[in-house]
file model.txt (compact mmCIF, C-alpha atoms)
# COMPACT_ATOMS: atom_id res chain seq x y z
CA MET A 1 13.93 31.76 -21.77
CA ASN A 2 14.93 32.12 -18.16
CA ARG A 3 18.15 30.64 -17.00
CA ILE A 4 18.95 30.42 -13.31
CA THR A 5 22.58 30.22 -12.36
CA VAL A 6 23.69 28.65 -9.11
CA LYS A 7 27.15 29.68 -7.97
CA ALA A 8 29.83 27.75 -6.11
CA GLY A 9 28.71 26.43 -2.74
CA GLN A 10 25.14 27.67 -3.13
CA LYS A 11 21.92 25.69 -3.03
CA LYS A 12 18.81 26.75 -4.91
CA THR A 13 15.43 25.12 -4.36
CA LEU A 14 12.71 25.81 -6.90
CA PRO A 15 9.25 24.71 -5.86
CA ILE A 16 6.82 25.13 -8.74
CA LEU A 17 3.11 24.48 -8.67
CA TRP A 18 1.00 24.30 -11.81
CA THR A 19 -2.75 24.39 -11.44
CA GLY A 20 -3.70 24.80 -15.05
CA GLU A 21 -3.07 28.44 -15.99
CA GLU A 22 0.12 28.29 -18.05
CA THR A 23 0.31 26.26 -21.24
CA GLU A 24 4.10 26.39 -21.65
CA MET A 25 6.93 26.25 -19.14
CA ASP A 26 10.63 26.32 -19.68
CA ILE A 27 12.93 25.89 -16.71
CA ASN A 28 16.69 26.07 -16.98
CA VAL A 29 19.20 25.80 -14.21
CA ASP A 30 22.98 25.99 -14.51
CA LEU A 31 25.13 24.65 -11.73
CA ALA A 32 28.00 26.93 -12.50
CA GLY A 33 30.38 26.67 -9.57
CA GLU A 34 31.94 23.87 -7.57
CA GLY A 35 29.54 22.35 -5.05
CA ALA A 36 26.47 24.14 -6.44
CA GLU A 37 23.20 22.35 -5.77
CA THR A 38 19.64 22.56 -6.99
CA GLU A 39 16.37 20.91 -6.15
CA ILE A 40 13.58 21.51 -8.65
CA LEU A 41 10.16 20.42 -7.47
CA LEU A 42 7.35 20.48 -9.99
CA LEU A 43 3.87 19.63 -8.85
CA LEU A 44 1.42 19.57 -11.72
CA LEU A 45 -2.28 19.47 -10.91
CA GLY A 46 -4.43 19.50 -14.00
CA LYS A 47 -8.19 19.55 -14.40
CA GLY A 48 -10.73 20.40 -17.05
CA THR A 49 -9.01 20.89 -20.40
CA SER A 50 -5.82 22.38 -18.99
CA SER A 51 -2.77 21.47 -20.99
CA LEU A 52 0.94 21.98 -20.41
CA ASN A 53 4.11 21.53 -22.40
CA ILE A 54 6.97 21.67 -20.01
CA LYS A 55 10.68 21.44 -20.48
CA ALA A 56 13.16 21.45 -17.63
CA GLU A 57 16.90 21.37 -18.03
CA VAL A 58 19.71 21.18 -15.51
CA ARG A 59 23.30 21.65 -16.63
CA HIS A 60 26.17 20.53 -14.43
CA LEU A 61 29.03 22.82 -15.41
CA ALA A 62 31.34 22.40 -12.44
CA ARG A 63 32.78 19.74 -10.17
CA GLN A 64 30.86 18.20 -7.27
CA THR A 65 27.53 19.68 -8.31
CA LYS A 66 24.26 18.08 -7.33
CA SER A 67 20.77 18.18 -8.81
CA GLN A 68 17.37 16.72 -8.13
CA LEU A 69 14.68 17.30 -10.71
CA LEU A 70 11.43 15.88 -9.43
CA VAL A 71 8.06 15.97 -11.14
CA LYS A 72 4.75 14.73 -9.83
CA GLY A 73 1.50 15.23 -11.68
CA ALA A 74 -2.09 14.33 -10.92
CA LEU A 75 -4.23 14.83 -13.99
CA GLY A 76 -8.00 14.71 -13.90
CA GLU A 77 -10.74 15.09 -16.50
CA ARG A 78 -9.15 16.02 -19.86
CA ALA A 79 -5.94 17.52 -18.54
CA ARG A 80 -2.77 16.87 -20.46
CA VAL A 81 0.92 17.22 -19.59
CA ASP A 82 3.91 16.70 -21.81
CA PHE A 83 7.16 16.75 -19.87
CA ASP A 84 10.68 16.70 -21.23
CA GLY A 85 13.42 16.59 -18.65
CA TRP A 86 17.09 17.05 -19.41
CA VAL A 87 20.08 16.56 -17.20
CA LYS A 88 23.38 17.39 -18.81
CA ILE A 89 26.65 16.69 -17.09
CA LEU A 90 29.33 18.47 -19.04
CA PRO A 91 32.96 17.43 -19.33
CA GLY A 92 34.80 18.68 -16.29
CA ALA A 93 31.86 18.29 -13.91
CA ALA A 94 33.47 15.32 -12.18
CA GLY A 95 31.98 14.05 -8.92
CA SER A 96 28.53 15.32 -9.84
CA ASP A 97 25.33 13.69 -8.68
CA ALA A 98 22.03 13.94 -10.56
CA TRP A 99 18.57 12.47 -10.19
CA LEU A 100 15.59 12.99 -12.46
CA GLY A 101 12.25 11.50 -11.44
CA ALA A 102 8.92 12.14 -13.16
CA HIS A 103 5.67 10.47 -12.18
CA LEU A 104 2.29 11.29 -13.64
CA LEU A 105 -0.94 9.89 -12.28
CA LEU A 106 -3.91 9.85 -14.63
CA LEU A 107 -7.15 10.24 -12.73
CA SER A 108 -9.52 9.85 -15.64
CA GLY A 109 -9.72 7.91 -18.86
CA GLN A 110 -9.46 11.16 -20.85
CA ALA A 111 -6.41 12.57 -19.09
CA ALA A 112 -3.10 12.15 -20.87
CA GLY A 113 0.52 12.38 -19.85
CA ARG A 114 3.94 11.92 -21.31
CA ALA A 115 7.17 12.07 -19.34
CA VAL A 116 10.52 11.67 -21.01
CA PRO A 117 13.75 11.84 -19.03
CA ASN A 118 16.99 12.49 -20.86
CA LEU A 119 20.51 12.21 -19.49
CA GLU A 120 23.55 13.49 -21.31
CA ILE A 121 26.72 12.55 -19.53
CA GLY A 122 30.07 13.84 -20.65
CA GLU A 123 32.12 12.83 -17.64
CA ASN A 124 33.02 9.45 -16.19
CA ASP A 125 33.19 10.02 -12.49
CA VAL A 126 29.52 10.89 -11.84
CA LYS A 127 26.33 9.49 -10.36
CA ALA A 128 23.20 9.92 -12.44
CA GLY A 129 19.84 8.22 -12.55
CA HIS A 130 16.31 8.66 -13.73
CA ALA A 131 12.84 7.16 -13.41
CA ALA A 132 9.63 8.04 -15.19
CA THR A 133 6.14 6.58 -14.93
CA VAL A 134 2.71 7.43 -16.25
CA GLY A 135 -0.01 5.39 -14.64
CA ARG A 136 -3.31 5.11 -12.87
CA VAL A 137 -4.29 4.75 -9.25
CA ASP A 138 -3.15 1.32 -8.13
CA GLU A 139 -6.05 -1.06 -7.54
CA GLU A 140 -4.08 -3.05 -4.95
CA GLN A 141 -3.63 0.11 -2.89
CA MET A 142 -7.34 0.81 -3.24
CA PHE A 143 -8.26 -2.70 -2.11
CA TYR A 144 -5.88 -2.50 0.83
CA LEU A 145 -7.36 0.77 2.07
CA MET A 146 -10.95 -0.32 1.46
CA SER A 147 -10.35 -3.60 3.29
CA ARG A 148 -9.96 -1.50 6.42
CA GLY A 149 -13.37 0.10 6.01
CA VAL A 150 -12.82 3.37 4.15
CA ASP A 151 -15.05 3.82 1.12
CA ARG A 152 -13.87 3.98 -2.46
CA GLU A 153 -13.92 7.76 -2.79
CA GLN A 154 -12.06 8.27 0.44
CA ALA A 155 -9.48 5.63 -0.49
CA TYR A 156 -8.98 7.36 -3.85
CA ARG A 157 -8.43 10.73 -2.22
CA LEU A 158 -5.92 9.19 0.18
CA VAL A 159 -3.90 7.57 -2.58
CA VAL A 160 -3.80 10.74 -4.69
CA SER A 161 -2.95 13.14 -1.90
CA GLY A 162 -0.42 10.62 -0.57
CA PHE A 163 1.18 10.57 -4.01
CA ALA A 164 1.73 14.34 -3.85
CA GLN A 165 2.74 14.33 -0.18
CA SER A 166 6.48 13.76 -0.61
CA MET A 167 6.62 16.95 -2.64
CA LEU A 168 4.11 19.00 -0.66
CA ARG A 169 6.23 18.45 2.43
CA LYS A 170 8.98 20.50 0.85
CA PHE A 171 6.74 23.32 -0.39
CA PRO A 172 6.39 26.65 1.41
CA GLU A 173 3.19 26.98 3.46
CA LYS A 174 1.23 29.18 1.04
CA MET A 175 1.95 27.03 -1.96
CA ARG A 176 1.15 23.87 -0.02
CA LYS A 177 -2.28 25.21 0.91
CA LEU A 178 -3.03 26.16 -2.66
CA ALA A 179 -1.95 22.72 -3.82
CA MET A 180 -4.12 21.00 -1.21
CA ARG A 181 -7.15 22.95 -2.41
CA ASN A 182 -6.43 21.83 -5.97
CA LEU A 183 -5.98 18.25 -4.86
CA SER A 184 -9.52 17.96 -3.53
CA ILE A 185 -10.83 15.76 -6.31
CA MET B 1 -19.01 -7.56 17.99
CA ASN B 2 -19.79 -11.24 18.00
CA LYS B 3 -20.42 -12.85 14.64
CA THR B 4 -20.13 -16.16 12.84
CA LEU B 5 -18.54 -16.42 9.41
CA ALA B 6 -20.22 -19.03 7.25
CA ILE B 7 -18.83 -20.01 3.86
CA THR B 8 -21.02 -22.34 1.80
CA GLY B 9 -20.14 -24.04 -1.47
CA LEU B 10 -17.82 -21.22 -2.47
CA ALA B 11 -16.52 -21.48 -6.03
CA VAL B 12 -14.19 -18.82 -7.38
CA GLU B 13 -12.31 -18.09 -10.56
CA THR B 14 -9.83 -15.42 -11.61
CA ALA B 15 -10.82 -12.57 -13.92
CA GLU B 16 -9.29 -14.65 -16.74
CA GLY B 17 -11.64 -17.54 -15.94
CA LYS B 18 -9.19 -19.86 -14.19
CA GLU B 19 -10.97 -21.94 -11.56
CA ILE B 20 -9.33 -21.67 -8.13
CA LEU B 21 -11.85 -22.61 -5.44
CA ARG B 22 -14.24 -25.50 -6.11
CA GLY B 23 -16.81 -25.53 -3.34
CA VAL B 24 -15.33 -24.47 0.00
CA ASN B 25 -17.40 -24.94 3.16
CA LEU B 26 -16.28 -23.46 6.45
CA VAL B 27 -17.98 -22.11 9.57
CA VAL B 28 -16.03 -19.94 12.00
CA LYS B 29 -17.76 -19.12 15.28
CA PRO B 30 -16.72 -16.41 17.72
CA GLY B 31 -13.63 -17.42 19.66
CA GLU B 32 -12.72 -20.30 17.34
CA LYS B 33 -9.22 -20.52 15.88
CA HIS B 34 -9.09 -22.16 12.48
CA VAL B 35 -5.93 -22.86 10.55
CA ILE B 36 -5.87 -23.58 6.84
CA MET B 37 -2.86 -25.41 5.48
CA GLY B 38 -2.08 -26.76 2.07
CA PRO B 39 0.46 -26.88 -0.73
CA ASN B 40 1.21 -23.89 -2.96
CA GLY B 41 -1.44 -23.11 -5.50
CA GLY B 42 -4.16 -24.87 -3.52
CA GLY B 43 -6.21 -21.68 -3.15
CA LYS B 44 -5.33 -20.54 0.38
CA SER B 45 -4.51 -16.94 -0.46
CA THR B 46 -7.35 -16.72 -2.96
CA LEU B 47 -9.76 -17.72 -0.22
CA ALA B 48 -8.37 -14.98 2.03
CA MET B 49 -8.66 -12.34 -0.71
CA VAL B 50 -12.14 -13.42 -1.79
CA LEU B 51 -13.47 -13.22 1.73
CA LEU B 52 -12.76 -9.48 1.59
CA GLY B 53 -14.00 -9.11 -1.98
CA HIS B 54 -10.80 -8.58 -3.98
CA PRO B 55 -11.89 -7.30 -7.42
CA GLY B 56 -9.52 -9.70 -9.22
CA TYR B 57 -11.71 -12.72 -8.45
CA LYS B 58 -15.22 -13.77 -9.40
CA VAL B 59 -17.51 -15.82 -7.19
CA THR B 60 -19.26 -18.27 -9.49
CA ALA B 61 -21.21 -20.21 -6.87
CA GLY B 62 -21.90 -20.35 -3.16
CA LYS B 63 -22.04 -17.63 -0.56
CA ILE B 64 -20.32 -15.94 2.33
CA LYS B 65 -22.31 -14.85 5.38
CA LEU B 66 -21.11 -12.73 8.27
CA GLY B 67 -23.63 -12.88 11.09
CA ASN B 68 -26.98 -12.55 9.36
CA THR B 69 -25.68 -10.61 6.38
CA ASP B 70 -24.90 -12.14 3.00
CA ILE B 71 -21.65 -10.37 2.11
CA THR B 72 -20.83 -12.31 -1.07
CA ARG B 73 -21.31 -9.27 -3.34
CA LEU B 74 -20.38 -6.45 -0.98
CA PRO B 75 -17.36 -4.17 -1.61
CA ALA B 76 -14.38 -4.61 0.73
CA ASN B 77 -15.15 -1.55 2.85
CA GLU B 78 -18.68 -2.77 3.64
CA ARG B 79 -17.31 -6.14 4.74
CA ALA B 80 -14.77 -4.42 6.96
CA LYS B 81 -17.48 -2.27 8.52
CA LEU B 82 -19.43 -5.42 9.33
CA GLY B 83 -16.44 -6.78 11.24
CA LEU B 84 -14.18 -8.64 8.83
CA PHE B 85 -10.43 -8.05 8.76
CA LEU B 86 -7.75 -9.33 6.40
CA GLY B 87 -4.11 -9.44 7.41
CA PHE B 88 -2.33 -9.36 4.06
CA GLN B 89 0.43 -11.75 3.11
CA TYR B 90 2.05 -8.86 1.26
CA PRO B 91 0.98 -5.64 2.99
CA VAL B 92 0.69 -2.82 0.48
CA GLU B 93 2.75 0.36 0.77
CA VAL B 94 0.65 3.50 0.45
CA PRO B 95 3.16 6.35 0.17
CA GLY B 96 2.38 9.64 1.85
CA VAL B 97 -0.64 8.35 3.77
CA ASN B 98 -0.06 8.78 7.48
CA PHE B 99 -0.53 5.55 9.43
CA ALA B 100 -2.33 7.10 12.40
CA SER B 101 -4.63 9.37 10.38
CA PHE B 102 -5.58 6.49 8.14
CA LEU B 103 -6.38 4.19 11.03
CA ARG B 104 -8.50 6.92 12.55
CA LEU B 105 -10.51 7.10 9.31
CA ALA B 106 -10.89 3.32 9.41
CA VAL B 107 -12.00 3.27 13.04
CA ASN B 108 -14.47 6.08 12.41
CA ALA B 109 -15.81 4.34 9.29
CA LYS B 110 -16.96 1.51 11.50
CA GLY B 111 -19.45 3.96 12.93
CA GLN B 112 -19.03 3.23 16.62
CA GLY B 113 -18.54 6.87 17.43
CA ASN B 114 -15.55 8.99 16.48
CA ILE B 115 -12.23 8.57 18.18
CA SER B 116 -10.13 11.68 18.80
CA PRO B 117 -6.72 11.89 17.09
CA LEU B 118 -5.07 12.04 20.50
CA ALA B 119 -6.84 8.96 21.87
CA LEU B 120 -6.04 7.02 18.71
CA ARG B 121 -2.37 7.99 18.81
CA LYS B 122 -2.17 6.92 22.42
CA GLU B 123 -3.79 3.56 21.74
CA LEU B 124 -1.58 3.09 18.70
CA ALA B 125 1.61 3.80 20.65
CA GLU B 126 0.60 1.40 23.43
CA THR B 127 -0.38 -1.37 21.05
CA ALA B 128 2.79 -0.90 19.00
CA LYS B 129 4.76 -1.51 22.18
CA LYS B 130 3.08 -4.93 22.59
CA LEU B 131 4.48 -5.83 19.20
CA ALA B 132 7.92 -4.37 19.96
CA MET B 133 7.43 -1.74 17.27
CA GLY B 134 8.96 1.71 17.49
CA ALA B 135 6.97 4.62 18.90
CA ASP B 136 7.50 6.45 15.60
CA MET B 137 4.77 4.26 14.08
CA THR B 138 2.28 7.02 14.63
CA THR B 139 4.15 9.47 12.45
CA ARG B 140 5.17 7.17 9.61
CA ALA B 141 3.34 6.62 6.36
CA LEU B 142 1.31 3.46 5.86
CA ASN B 143 3.86 0.65 5.37
CA GLU B 144 6.07 3.01 3.36
CA GLY B 145 9.70 1.92 3.68
CA PHE B 146 8.81 -0.67 6.35
CA SER B 147 11.03 -3.72 6.62
CA GLY B 148 9.47 -7.11 5.91
CA GLY B 149 8.99 -7.79 9.62
CA GLU B 150 7.54 -4.31 10.27
CA LYS B 151 5.00 -4.82 7.50
CA LYS B 152 3.79 -8.05 9.04
CA LYS B 153 3.58 -6.39 12.45
CA SER B 154 1.73 -3.46 10.89
CA GLU B 155 -1.06 -5.86 9.90
CA ILE B 156 -1.39 -7.21 13.43
CA LEU B 157 -1.27 -3.68 14.83
CA GLN B 158 -4.12 -2.61 12.56
CA MET B 159 -6.06 -5.71 13.55
CA LEU B 160 -5.68 -4.94 17.26
CA ILE B 161 -6.84 -1.34 16.77
CA LEU B 162 -9.81 -2.20 14.55
CA LYS B 163 -11.09 -5.01 16.83
CA PRO B 164 -12.84 -7.04 14.15
CA ALA B 165 -15.31 -9.88 14.75
CA ILE B 166 -13.56 -12.24 12.37
CA VAL B 167 -9.91 -12.02 11.35
CA ILE B 168 -8.46 -13.63 8.26
CA LEU B 169 -4.67 -13.84 8.43
CA ASP B 170 -2.85 -14.74 5.26
CA GLU B 171 0.57 -16.14 6.18
CA PRO B 172 1.25 -13.74 9.05
CA ASP B 173 4.28 -15.91 9.83
CA SER B 174 6.18 -15.87 6.54
CA GLY B 175 9.52 -14.10 6.29
CA LEU B 176 9.92 -13.40 10.00
CA ASP B 177 12.79 -13.88 12.38
CA VAL B 178 12.21 -15.83 15.59
CA ASP B 179 11.49 -12.80 17.78
CA ALA B 180 9.10 -11.12 15.37
CA LEU B 181 7.27 -14.43 14.94
CA ARG B 182 6.86 -14.75 18.69
CA TYR B 183 5.46 -11.22 19.10
CA ILE B 184 3.05 -11.73 16.24
CA ALA B 185 1.92 -15.17 17.38
CA GLU B 186 1.41 -14.03 20.98
CA ASN B 187 -0.77 -11.15 19.87
CA ILE B 188 -2.82 -13.41 17.61
CA ALA B 189 -3.15 -16.00 20.37
CA GLY B 190 -4.35 -13.23 22.66
CA LEU B 191 -7.42 -12.46 20.55
CA GLY B 192 -10.49 -12.45 22.76
CA LYS B 193 -13.18 -15.11 22.93
CA ASP B 194 -15.48 -12.95 20.82
CA THR B 195 -13.13 -13.02 17.86
CA GLY B 196 -13.10 -15.81 15.30
CA MET B 197 -9.92 -16.45 13.36
CA VAL B 198 -8.89 -18.06 10.09
CA LEU B 199 -5.13 -18.32 9.72
CA VAL B 200 -3.58 -19.44 6.47
CA THR B 201 -0.08 -20.84 6.78
CA HIS B 202 2.55 -23.07 5.25
CA TYR B 203 4.35 -23.71 8.45
CA GLN B 204 3.84 -25.58 11.62
CA ARG B 205 6.16 -23.24 13.52
CA ILE B 206 3.59 -20.53 14.33
CA LEU B 207 1.46 -23.28 15.86
CA GLN B 208 4.03 -23.74 18.58
CA HIS B 209 2.79 -20.43 19.97
CA LEU B 210 -0.84 -20.72 19.10
CA ARG B 211 -3.01 -23.80 19.48
CA PRO B 212 -5.75 -24.01 16.86
CA ASP B 213 -9.18 -25.51 17.51
CA PHE B 214 -9.45 -26.69 13.93
CA VAL B 215 -7.02 -27.44 11.14
CA HIS B 216 -8.16 -27.75 7.52
CA VAL B 217 -6.25 -28.96 4.51
CA LEU B 218 -7.02 -27.05 1.30
CA ILE B 219 -5.94 -28.79 -1.89
CA LYS B 220 -6.95 -27.91 -5.44
CA GLY B 221 -9.63 -25.53 -4.23
CA LYS B 222 -11.31 -27.87 -1.77
CA ILE B 223 -11.03 -28.64 1.92
CA VAL B 224 -10.09 -32.32 1.78
CA GLU B 225 -9.51 -32.94 5.46
CA SER B 226 -10.40 -31.27 8.75
CA GLY B 227 -9.28 -32.10 12.24
CA GLY B 228 -7.80 -30.71 15.43
CA ALA B 229 -4.30 -29.43 16.17
CA GLU B 230 -2.93 -32.96 15.74
CA LEU B 231 -3.66 -32.75 11.99
CA ALA B 232 -1.05 -29.98 11.65
CA GLU B 233 1.50 -32.17 13.39
CA ALA B 234 0.73 -35.07 11.09
CA ILE B 235 1.20 -32.80 8.05
CA GLU B 236 4.50 -31.56 9.39
CA LYS B 237 5.76 -35.15 9.58
CA LYS B 238 4.20 -36.69 6.51
CA GLY B 239 3.47 -33.82 4.13
CA TYR B 240 0.39 -33.43 1.94
CA GLU B 241 0.89 -36.39 -0.32
CA LYS B 242 -1.55 -38.68 1.36
CA PHE B 243 -4.31 -36.09 0.79
CA GLN B 244 -3.49 -35.67 -2.89
CA LYS B 245 -5.20 -38.48 -4.64

call {"tool": "encode", "arguments": {"input": "model.txt", "output": "C-alpha cells"}}
result
Amino acid sequence: MNRITVKAGQKKTLPILWTGEETEMDINVDLAGEGAETEILLLLLGKGTSSLNIKAEVRHLARQTKSQLLVKGALGERARVDFDGWVKILPGAAGSDAWLGAHLLLLSGQAAGRAVPNLEIGENDVKAGHAATVGRVDEEQMFYLMSRGVDREQAYRLVVSGFAQSMLRKFPEKMRKLAMRNLSI
Amino acid sequence: MNKTLAITGLAVETAEGKEILRGVNLVVKPGEKHVIMGPNGGGKSTLAMVLLGHPGYKVTAGKIKLGNTDITRLPANERAKLGLFLGFQYPVEVPGVNFASFLRLAVNAKGQGNISPLALRKELAETAKKLAMGADMTTRALNEGFSGGEKKKSEILQMLILKPAIVILDEPDSGLDVDALRYIAENIAGLGKDTGMVLVTHYQRILQHLRPDFVHVLIKGKIVESGGAELAEAIEKKGYEKFQK
C-alpha cells in the first residue's frame, strides 16, 4: 500500500486516469503538516468488461489542512466500478477543510457502479462535505440539446464529455489527450 | 426560412396516461405574433414541449405541420432542423459543454453551410451585447452557473443565432427584473416578418413591450377564446373566471 505524505505548507495534486487496465487501486494521502493540501482527481473510464475496486483515503493529521477528493466515472458496456472514499479528520486537525465528491455515469444498462463516501471527523472546528451519485445520462439535457438541432448521438457525446470536462481541465496535457481518446463513445 | 406552423386537433397525454391537451387548433403564419395565456395547469407548457417532441408526452390524436412537413412523430433535432425553436421556461444546464462550440454544432446541423468558429464567436459576442450579456458568454459552458436572468437571456441569444422560422417561447418573462425583461422583450419584438411566434405567458407585463397579433386563452387543454391584443388586457382586469365554465 502506497502512502503519500504531504508536508507543512505543501500542495500535492494527484491526477489519476483509469482506462480499464488495473482491477484494484488503493490511494492514501496523509496531510501531515500545518497547511498541507491535496487535490486527488480520479477519472474512471470503463468499457468492455473492465472492473475496478478502488479505495481512496485522505487523513488530515495537522491544523489548517485541506483536501479535495474528486471522482468522475463514465462506464460503458459491462464496465464496473466500486469506489470507497474515506476522509478522516483526526483530533488536532482544527481548521481543516475537506470535500469528497464521487459521480458515476452509467452509459449502458449492463454497466454498474457503486460510490460510497465516508467521513470520520474527530475535531469540531472543521469544514467537511461529501456528495455521491450514480446515474444515467439526463434525458432533459438530451432533449435540450436535441431541440437545437444536434442529433441524439452527438447530444450524448456532448453530455458525457461535458461531464468529464471539469476534471479534464485540471489534467496534464498528455493525460487529457489519452482521456479524450477513451471518451469517444 | 418562411414556414407556417399548423396544429390540428392536438390531443396529448403524459407517459402515465394523464390527459393534458384535448384538441388544440392553432395556425401560426410567418410574421405573426401569437400569445397563449391561461391559468396554471391549463396545458401551456405541455403544448410548448410537445411542439418540439418532448419524450415525456404522447400525442394521442391530431397533428403538427411545419410548412409542408408533418412533424408530429419527428425527434426534436429533426424539428429544429426544419426551423422550429423552443425557448425553455427552465433552461437546462449542461455542464462542461462550451456555449459557442455547441451553438456552432447546432448552426451546422441546420445544413445551411458550415460557419467558422471565428465567425460564430463574433456573431455571438455582438448578439450578446444586444441582450446586455457579458462578452464572456462565448467561453462559458452552456447555462452552467448562469443566474436566472442569464438563463432566460441565453434562450433568446440562441434563438437569435439559430434564426428559426417559428419560435415557441415558454414564459420568457418569468423571474426577470425590469431591465432584463425589457432587453428580452425588445429582442423578441424585433423578430423579422418571416418569423412566426408563439409566446406562452402568465403576465400582461411583457405585452407592454410587444404587441401581439393574436391572443389565445388555453384552459383545461383547449383554446376557449381567441382575440387580439385587447383580450390580454381584458384578462389582466377580469381574470380567467369568465372563461371557466

call {"tool": "residues_around", "arguments": {"input": "model.txt", "residues": "stretch 12-16 of chain A", "least_positions_apart": "3", "cutoff": "6 Å", "atoms": "all atoms listed in the file", "output": "PyMOL selection string"}}
result
chain A and resi 38-42

call {"tool": "residues_near_point", "arguments": {"input": "model.txt", "point": "(1.9, -2.8, 12.6)", "cutoff": "12 Å", "atoms": "only C-alpha atoms", "output": "PyMOL selection string"}}
result
chain B and resi 87-88+91+99-100+103+124-138+140-144+146-162+172+180+183-184+187

call {"tool": "closest_residue", "arguments": {"input": "model.txt", "among": "A:Asp151, A:Val137, A:Leu178, A:Leu168", "to": "chain B", "atoms": "only C-alpha atoms"}}
result
A:Asp151

call {"tool": "interface_residues", "arguments": {"input": "model.txt", "of": "chain A", "to": "chain B", "cutoff": "6 Å", "atoms": "only C-alpha atoms", "output": "list in words"}}
result
Met146, Ser147, Arg148, Gly149, Val150, Asp151, Gly162 and Gln165 of chain A

call {"tool": "atom_distance", "arguments": {"input": "model.txt", "atom1": "atom CA of B:Gln204", "atom2": "atom CA of B:Glu171"}}
result
11.4 Å

call {"tool": "closest_residue", "arguments": {"input": "model.txt", "among": "A:Tyr156, A:Ile89, A:Thr65, A:Val126", "to": "A:Glu140", "atoms": "all atoms listed in the file"}}
result
A:Tyr156

call {"tool": "closest_residue", "arguments": {"input": "model.txt", "among": "B:Lys220, B:His34, B:Arg104, B:Arg73", "to": "B:Ala61", "atoms": "all atoms listed in the file"}}
result
B:Arg73

call {"tool": "residues_near_point", "arguments": {"input": "model.txt", "point": "(20.8, 19.7, -19.9)", "cutoff": "9 Å", "atoms": "only C-alpha atoms", "output": "VMD selection string"}}
result
chain A and resid 28 to 30 56 to 60 85 to 90 118 to 120

call {"tool": "atom_distance", "arguments": {"input": "model.txt", "atom1": "atom CA of B:Asp170", "atom2": "atom CA of B:Gln89"}}
result
4.9 Å

call {"tool": "atom_distance", "arguments": {"input": "model.txt", "atom1": "atom CA of B:Val59", "atom2": "atom CA of B:Gly31"}}
result
27.2 Å

call {"tool": "axis_aligned_box", "arguments": {"input": "model.txt", "around": "stretch 163-166 of chain B", "padding_each_side": "5 Å", "output": "JSON"}}
result
{"center_x": -13.2, "center_y": -8.6, "center_z": 14.6, "size_x": 14.2, "size_y": 17.2, "size_z": 14.5}

call {"tool": "residues_around", "arguments": {"input": "model.txt", "residues": "B:Phe243", "least_positions_apart": "5", "cutoff": "12 Å", "atoms": "all atoms listed in the file", "output": "PDB file with C-alpha atoms, in the coordinates of the input"}}
result
ATOM      1  CA  MET B  37      -2.860 -25.410   5.480  1.00  0.00           C
ATOM      2  CA  GLY B  38      -2.080 -26.760   2.070  1.00  0.00           C
ATOM      3  CA  PRO B  39       0.460 -26.880  -0.730  1.00  0.00           C
ATOM      4  CA  HIS B 216      -8.160 -27.750   7.520  1.00  0.00           C
ATOM      5  CA  VAL B 217      -6.250 -28.960   4.510  1.00  0.00           C
ATOM      6  CA  LEU B 218      -7.020 -27.050   1.300  1.00  0.00           C
ATOM      7  CA  ILE B 219      -5.940 -28.790  -1.890  1.00  0.00           C
ATOM      8  CA  LYS B 220      -6.950 -27.910  -5.440  1.00  0.00           C
ATOM      9  CA  LYS B 222     -11.310 -27.870  -1.770  1.00  0.00           C
ATOM     10  CA  ILE B 223     -11.030 -28.640   1.920  1.00  0.00           C
ATOM     11  CA  VAL B 224     -10.090 -32.320   1.780  1.00  0.00           C
ATOM     12  CA  GLU B 225      -9.510 -32.940   5.460  1.00  0.00           C
ATOM     13  CA  SER B 226     -10.400 -31.270   8.750  1.00  0.00           C
ATOM     14  CA  LEU B 231      -3.660 -32.750  11.990  1.00  0.00           C
ATOM     15  CA  ALA B 234       0.730 -35.070  11.090  1.00  0.00           C
ATOM     16  CA  ILE B 235       1.200 -32.800   8.050  1.00  0.00           C
ATOM     17  CA  LYS B 238       4.200 -36.690   6.510  1.00  0.00           C
TER      18      LYS B 238
END

call {"tool": "closest_residue", "arguments": {"input": "model.txt", "among": "B:Val50, B:Lys44, B:Tyr90, B:Gly192", "to": "B:Leu74", "atoms": "all atoms listed in the file"}}
result
B:Val50

call {"tool": "residues_around", "arguments": {"input": "model.txt", "residues": "B:Pro30", "least_positions_apart": "2", "cutoff": "7 Å", "atoms": "all atoms listed in the file", "output": "VMD selection string"}}
result
chain B and resid 2 to 4 28 32 193 to 196

call {"tool": "closest_residue", "arguments": {"input": "model.txt", "among": "A:Thr23, A:Lys66, A:Lys47, A:Leu75", "to": "A:Gln10", "atoms": "all atoms listed in the file"}}
result
A:Lys66

call {"tool": "decode", "arguments": {"input": "model.txt", "residues": "stretch 85-108 of chain A", "atoms": "C-alpha atoms", "output": "mmCIF file, in the first residue's frame"}}
result
data_model
loop_
_atom_site.group_PDB
_atom_site.id
_atom_site.type_symbol
_atom_site.label_atom_id
_atom_site.label_comp_id
_atom_site.auth_asym_id
_atom_site.auth_seq_id
_atom_site.Cartn_x
_atom_site.Cartn_y
_atom_site.Cartn_z
ATOM 1 C CA GLY A 85 -13.782 7.071 -0.317
ATOM 2 C CA TRP A 86 -12.588 7.974 3.143
ATOM 3 C CA VAL A 87 -11.827 11.331 4.625
ATOM 4 C CA LYS A 88 -10.558 11.238 8.170
ATOM 5 C CA ILE A 89 -10.029 14.387 10.161
ATOM 6 C CA LEU A 90 -8.091 13.433 13.244
ATOM 7 C CA PRO A 91 -8.230 15.171 16.607
ATOM 8 C CA GLY A 92 -5.937 18.161 16.491
ATOM 9 C CA ALA A 93 -6.537 18.921 12.808
ATOM 10 C CA ALA A 94 -8.558 22.018 13.632
ATOM 11 C CA GLY A 95 -9.437 24.453 10.844
ATOM 12 C CA SER A 96 -9.301 21.715 8.225
ATOM 13 C CA ASP A 97 -11.404 21.727 5.093
ATOM 14 C CA ALA A 98 -12.396 18.571 3.201
ATOM 15 C CA TRP A 99 -14.575 17.757 0.226
ATOM 16 C CA LEU A 100 -15.315 14.342 -1.222
ATOM 17 C CA GLY A 101 -17.342 14.129 -4.428
ATOM 18 C CA ALA A 102 -17.945 10.971 -6.457
ATOM 19 C CA HIS A 103 -20.126 10.827 -9.544
ATOM 20 C CA LEU A 104 -20.514 7.810 -11.777
ATOM 21 C CA LEU A 105 -22.362 7.901 -15.067
ATOM 22 C CA LEU A 106 -23.645 4.594 -16.405
ATOM 23 C CA LEU A 107 -23.689 4.582 -20.183
ATOM 24 C CA SER A 108 -25.264 1.193 -20.677
#
